[in-house]
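Engineer: Data file final_6.cif (mmCIF, C-alpha atoms and all ligand atoms) is appended below.
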```cif
data_query
#
loop_
_atom_site.label_atom_id
_atom_site.label_comp_id
_atom_site.auth_asym_id
_atom_site.auth_seq_id
_atom_site.Cartn_x
_atom_site.Cartn_y
_atom_site.Cartn_z
CA MET A 105 0.00 0.00 0.00
CA ASP A 106 1.28 3.46 -0.86
CA PRO A 107 2.12 5.84 1.99
CA LEU A 108 -0.58 8.31 3.07
CA TRP A 109 1.10 11.32 1.44
CA ALA A 110 1.19 9.52 -1.95
CA GLU A 111 -2.38 8.34 -1.56
CA LEU A 112 -3.57 11.92 -1.00
CA ILE A 113 -1.65 13.21 -4.04
CA ASN A 114 -3.19 10.40 -6.13
CA SER A 115 -6.72 11.37 -5.09
CA ASP A 116 -6.46 13.74 -8.05
CA TRP A 117 -7.15 10.77 -10.31
CA HIS A 118 -6.48 10.60 -14.07
CA ASP A 119 -7.84 7.81 -16.23
CA TYR A 120 -4.85 5.53 -16.81
CA ARG A 121 -6.49 4.10 -19.96
CA GLY A 122 -6.19 7.51 -21.63
CA GLY A 123 -8.96 9.77 -22.87
CA GLY A 124 -8.32 12.48 -20.31
CA GLY A 125 -10.94 11.33 -17.75
CA ARG A 126 -10.38 12.79 -14.30
CA GLU A 127 -11.88 12.54 -10.82
CA ASP A 128 -11.25 14.44 -7.63
CA ARG A 129 -11.56 11.52 -5.23
CA ILE A 130 -11.82 13.83 -2.22
CA GLU A 131 -15.39 14.36 -3.48
CA ASN A 132 -15.96 10.59 -3.69
CA PRO A 133 -17.48 9.46 -0.34
CA LYS A 134 -16.28 5.88 -0.73
CA TRP A 135 -12.66 6.91 -1.34
CA LEU A 136 -12.80 9.54 1.40
CA SER A 137 -14.14 7.21 4.09
CA GLY A 138 -11.48 4.60 3.24
CA PHE A 139 -8.78 7.24 3.46
CA LEU A 140 -10.07 8.50 6.82
CA MET A 141 -10.00 4.98 8.20
CA ARG A 142 -6.39 4.57 7.05
CA CYS A 143 -5.62 7.73 9.03
CA GLY A 144 -7.24 6.19 12.12
CA VAL A 145 -10.20 8.57 12.03
CA ALA A 146 -13.88 7.59 12.14
CA SER A 147 -15.33 7.75 8.63
CA ARG A 148 -18.65 9.21 9.79
CA PRO A 149 -19.52 12.02 9.56
CA LEU A 150 -17.47 12.75 6.44
CA PRO A 151 -15.63 16.12 6.42
CA GLY A 152 -17.68 19.08 5.20
CA PRO A 153 -16.64 21.53 2.45
CA THR A 154 -14.04 23.29 4.68
CA GLY A 155 -12.36 20.02 5.61
CA ARG A 156 -12.33 18.81 2.02
CA GLU A 157 -10.84 22.12 0.90
CA ALA A 158 -8.10 21.74 3.55
CA LEU A 159 -7.31 18.30 2.11
CA ARG A 160 -7.08 19.77 -1.38
CA ARG A 161 -4.73 22.52 -0.17
CA LEU A 162 -2.49 19.96 1.50
CA ARG A 163 -2.61 17.86 -1.67
CA SER A 164 -1.16 20.77 -3.67
CA VAL A 165 1.53 21.36 -1.03
CA LEU A 166 2.52 17.67 -1.13
CA ARG A 167 2.50 17.46 -4.92
CA ARG A 168 4.79 20.48 -5.19
CA SER A 169 7.06 19.11 -2.47
CA ALA A 170 7.24 15.61 -4.02
CA THR A 171 7.96 17.13 -7.44
CA ALA A 172 10.78 19.18 -5.90
CA LEU A 173 12.25 16.06 -4.28
CA MET A 174 12.09 14.17 -7.58
CA ALA A 175 14.10 17.00 -9.17
CA GLY A 176 16.70 16.68 -6.41
CA LYS A 177 15.55 19.87 -4.67
CA ALA A 178 14.18 20.57 -1.20
CA PRO A 179 10.51 21.50 -0.78
CA GLY A 180 9.86 25.25 -0.69
CA ARG A 181 9.88 27.18 2.58
CA ARG A 182 6.19 28.07 2.38
CA ASP A 183 5.25 24.45 1.75
CA LEU A 184 7.36 23.31 4.71
CA GLY A 185 5.58 25.98 6.77
CA ALA A 186 2.19 24.60 5.72
CA ILE A 187 3.33 21.07 6.62
CA ASN A 188 4.51 22.22 10.05
CA ARG A 189 1.21 23.98 10.72
CA CYS A 190 -0.66 20.74 10.07
CA LEU A 191 1.72 18.90 12.41
CA ALA A 192 1.27 21.55 15.13
CA ASP A 193 -2.52 21.26 14.88
CA ALA A 194 -2.37 17.52 15.53
CA PRO A 195 -0.38 17.08 18.76
CA LEU A 196 0.49 13.63 20.09
CA THR A 197 1.06 12.47 23.64
CA ARG A 198 3.60 9.83 24.63
CA ARG A 199 2.30 6.94 26.66
CA VAL A 200 4.02 3.86 27.97
CA ALA A 201 2.14 0.59 27.71
CA ALA A 202 2.84 -3.07 28.40
CA GLU A 203 3.67 -4.99 25.24
CA GLY A 204 4.40 -8.69 25.33
CA GLU A 205 6.96 -9.19 28.09
CA GLY A 206 8.13 -5.59 28.02
CA PHE A 207 6.91 -2.08 27.39
CA ALA A 208 6.44 0.13 24.38
CA VAL A 209 6.08 3.88 23.93
CA GLU A 210 2.90 4.80 22.10
CA LEU A 211 2.03 8.09 20.47
CA VAL A 212 -1.56 8.92 21.30
CA PRO A 213 -3.31 11.53 19.13
CA ARG A 214 -4.87 14.45 21.03
CA VAL A 215 -7.27 15.49 18.30
CA GLY A 216 -9.59 13.71 15.92
CA GLY A 217 -11.41 14.73 12.75
CA ILE A 218 -9.82 16.56 9.86
CA ALA A 219 -6.95 17.96 12.02
CA ARG A 220 -5.83 14.43 12.73
CA VAL A 221 -6.16 13.40 9.09
CA LEU A 222 -3.94 16.34 8.06
CA GLY A 223 -1.54 15.47 10.90
CA GLU A 224 -1.24 11.81 9.89
CA VAL A 225 -0.67 12.66 6.22
CA THR A 226 1.94 15.36 6.93
CA GLY A 227 3.49 13.01 9.52
CA SER A 228 4.02 10.41 6.79
CA PHE A 229 5.60 13.05 4.55
CA ALA A 230 7.83 14.32 7.38
CA GLN A 231 9.00 10.73 7.83
CA LEU A 232 9.89 10.59 4.15
CA LEU A 233 11.86 13.84 4.40
CA ALA A 234 13.70 12.67 7.50
CA THR A 235 14.48 9.03 6.75
CA GLY A 236 13.17 8.22 3.25
CA ASP A 237 15.04 8.05 -0.04
CA PRO A 238 13.94 10.76 -2.51
CA ALA A 239 15.23 8.60 -5.39
CA ARG A 240 12.39 6.19 -4.63
CA ILE A 241 9.71 8.76 -5.42
CA LYS A 242 8.52 8.10 -8.95
CA ILE A 243 5.72 8.89 -11.33
CA CYS A 244 3.99 5.91 -12.99
CA ALA A 245 5.61 5.27 -16.39
CA ASN A 246 2.17 5.37 -18.03
CA THR A 247 1.94 9.07 -18.94
CA ASP A 248 -1.88 8.93 -18.99
CA CYS A 249 -1.82 7.90 -15.34
CA GLY A 250 0.63 10.15 -13.50
CA TRP A 251 0.38 8.36 -10.13
CA VAL A 252 3.06 9.18 -7.64
CA VAL A 253 4.52 6.08 -6.02
CA TYR A 254 7.13 5.35 -3.39
CA ASP A 255 9.18 2.51 -4.80
CA GLU A 256 10.01 0.11 -1.99
CA SER A 257 11.38 -2.65 -4.21
CA ARG A 258 14.92 -3.66 -3.30
CA ASN A 259 16.54 -2.51 -6.53
CA ARG A 260 14.23 0.43 -7.16
CA THR A 261 12.82 -1.22 -10.26
CA ARG A 262 9.15 -0.36 -9.79
CA ARG A 263 7.78 1.44 -12.85
CA TRP A 264 4.00 1.31 -12.51
CA CYS A 265 1.48 2.42 -9.92
CA GLU A 266 -0.05 -1.08 -9.61
CA SER A 267 0.99 -4.16 -11.55
CA THR A 268 -2.65 -4.97 -12.36
CA GLY A 269 -3.70 -1.58 -13.79
CA CYS A 270 -1.05 0.27 -15.75
CA GLY A 271 1.43 -2.64 -15.80
CA ASN A 272 -1.03 -4.90 -17.64
CA LEU A 273 -2.22 -2.13 -19.94
CA MET A 274 1.36 -1.33 -20.96
CA LYS A 275 2.13 -5.03 -21.48
CA VAL A 276 -0.85 -5.33 -23.85
CA ARG A 277 0.20 -2.17 -25.73
CA ARG A 278 3.79 -3.39 -26.09
CA TYR A 279 2.55 -6.78 -27.30
CA ARG A 280 0.31 -5.15 -29.93
CA GLN A 281 3.13 -2.91 -31.07
CA ARG A 282 5.49 -5.86 -31.40
CA HIS A 283 2.83 -7.87 -33.19
CA ARG A 284 2.20 -5.04 -35.66
CA ARG A 285 5.91 -4.80 -36.30
CA THR A 286 6.30 -8.52 -37.02
CA THR A 287 3.30 -8.63 -39.39
CA ARG A 288 4.72 -5.65 -41.24
CA ALA A 289 8.13 -7.35 -41.45
CA ARG A 290 6.50 -10.51 -42.82
CA ARG A 291 4.63 -8.51 -45.41
CA LEU A 292 7.91 -6.96 -46.54
CA GLN A 293 9.51 -10.39 -46.89
CA ALA A 294 6.64 -11.76 -48.99
ZN ZN A 301 -0.28 4.08 -13.36
#
```
The structure in this file should be written as structure tokens.

Structural biologist:
Amino acid sequence: MDPLWAELINSDWHDYRGGGGREDRIENPKWLSGFLMRCGVASRPLPGPTGREALRRLRSVLRRSATALMAGKAPGRRDLGAINRCLADAPLTRRVAAEGEGFAVELVPRVGGIARVLGEVTGSFAQLLATGDPARIKICANTDCGWVVYDESRNRTRRWCESTGCGNLMKVRRYRQRHRRTTRARRLQA
């Protein structure tokens, strides 16, 4: 599963089969409730217009920042400021709890709702900045698609957003292209 920051960027969905179809998945209740649950937030009630707008603003901040990282640059100062504001609005408390035979330190969120969603998403991006590898941020090789992925494969060989969607589509296109080429070659020989 892609990290939360990538999932939010990819909520600006483009039809990977071509044709220019597009959907803002923040406006899609099914997508939004799934995303909230991944952030550890109750999916009902869904965020209102202000909350959804805040998600869209963060999405732009993250897209710009990820694009900068892919170009070998640091995210802009204003974007880092926006990220830090989201983090500040979603404070966490440390708590020690028994775990197995020992203890573990847990981070307990102090807020819920949209503030926590923004906090969890920016938290995942902060983690990327601090300990991730910018060279693993990629855009799906299918230009119709444009998904941003974090390539966790050992040799950084991932090229597609999901092997079943774009990967298959590209395989079929390559096959057809090859097939066309061989039939043409045969015709020339005849
Ligand atoms: Zn793709």

Engineer: Find the residue from A:Arg126, A:Arg214, A:Arg291, A:Arg121 that sits nearest to ligand ZN 301 (chain A); use all atoms listed in the file when measuring.

Structural biologist: A:Arg121

Engineer: If the limit is 8 Å from any atom of ligand ZN 301 (chain A), counting all atoms listed in the file, which residues qualify? Return them as a list in words.

Structural biologist: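 Every residue with an atom at most 8 Å from ligand ZN 301 (chain A) is listed here: Tyr120, Ile243, Cys244, Ala245, Asn246, Thr247, Asp248, Cys249, Gly250, Trp251, Trp264, Cys265, Glu266, Gly269, Cys270 and Gly271 of chain A.
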
Engineer: Write out as a VMD selection string the residues lying within 8 Å of Pro238 (chain A), counting all atoms listed in the file and excluding same-chain residues fewer than 3 positions away.

Structural biologist: chain A and resid 173 to 174 176 232 to 233 241

Engineer: Please, what distance in Å, to one decimal, runs between CA of Ala178 (chain A) and CA of Leu162 (chain A)?

Structural biologist: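 Computed distance, CA of Ala178 (chain A) to CA of Leu162 (chain A), equals 16.9 Å.
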
Engineer: Identify which of the residues A:His283, A:Leu222, A:Leu273, A:Met105 lies closest to Arg160 (chain A), counting only C-alpha atoms when measuring atom-to-atom distances.

Structural biologist: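 Smallest separation from Arg160 (chain A) among the options: A:Leu222.
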
Engineer: Would you please work out which residue, of A:Ala146, A:Val215, A:Thr261, A:Val252, is nearest to Ser169 (chain A) when using only C-alpha atoms?

Structural biologist: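 For Ser169 (chain A), the nearest of the given residues is A:Val252.
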
Engineer: Between A:Ala239, A:Ala208, A:Leu166, A:Ala219, which residue has the minimum interatomic distance to Pro195 (chain A), considering all atoms listed in the file?

Structural biologist: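 The shortest atom-to-atom distance to Pro195 (chain A) comes from A:Ala219.
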
Engineer: Please list as a PyMOL selection string every residue within 9 Å of Gly138 (chain A), counting all atoms listed in the file and excluding residues in the same chain fewer than 5 positions away.

Structural biologist: chain A and resi 133+143+147

Engineer: Which value, in Å to one decimal, gives the distance between CA of Leu211 (chain A) and CA of Ser164 (chain A)?

Structural biologist: 27.5 Å

Engineer: Do you have the CA of Asn132 (chain A)-CA of Gly223 (chain A) distance handy?

Structural biologist: 21.1 Å
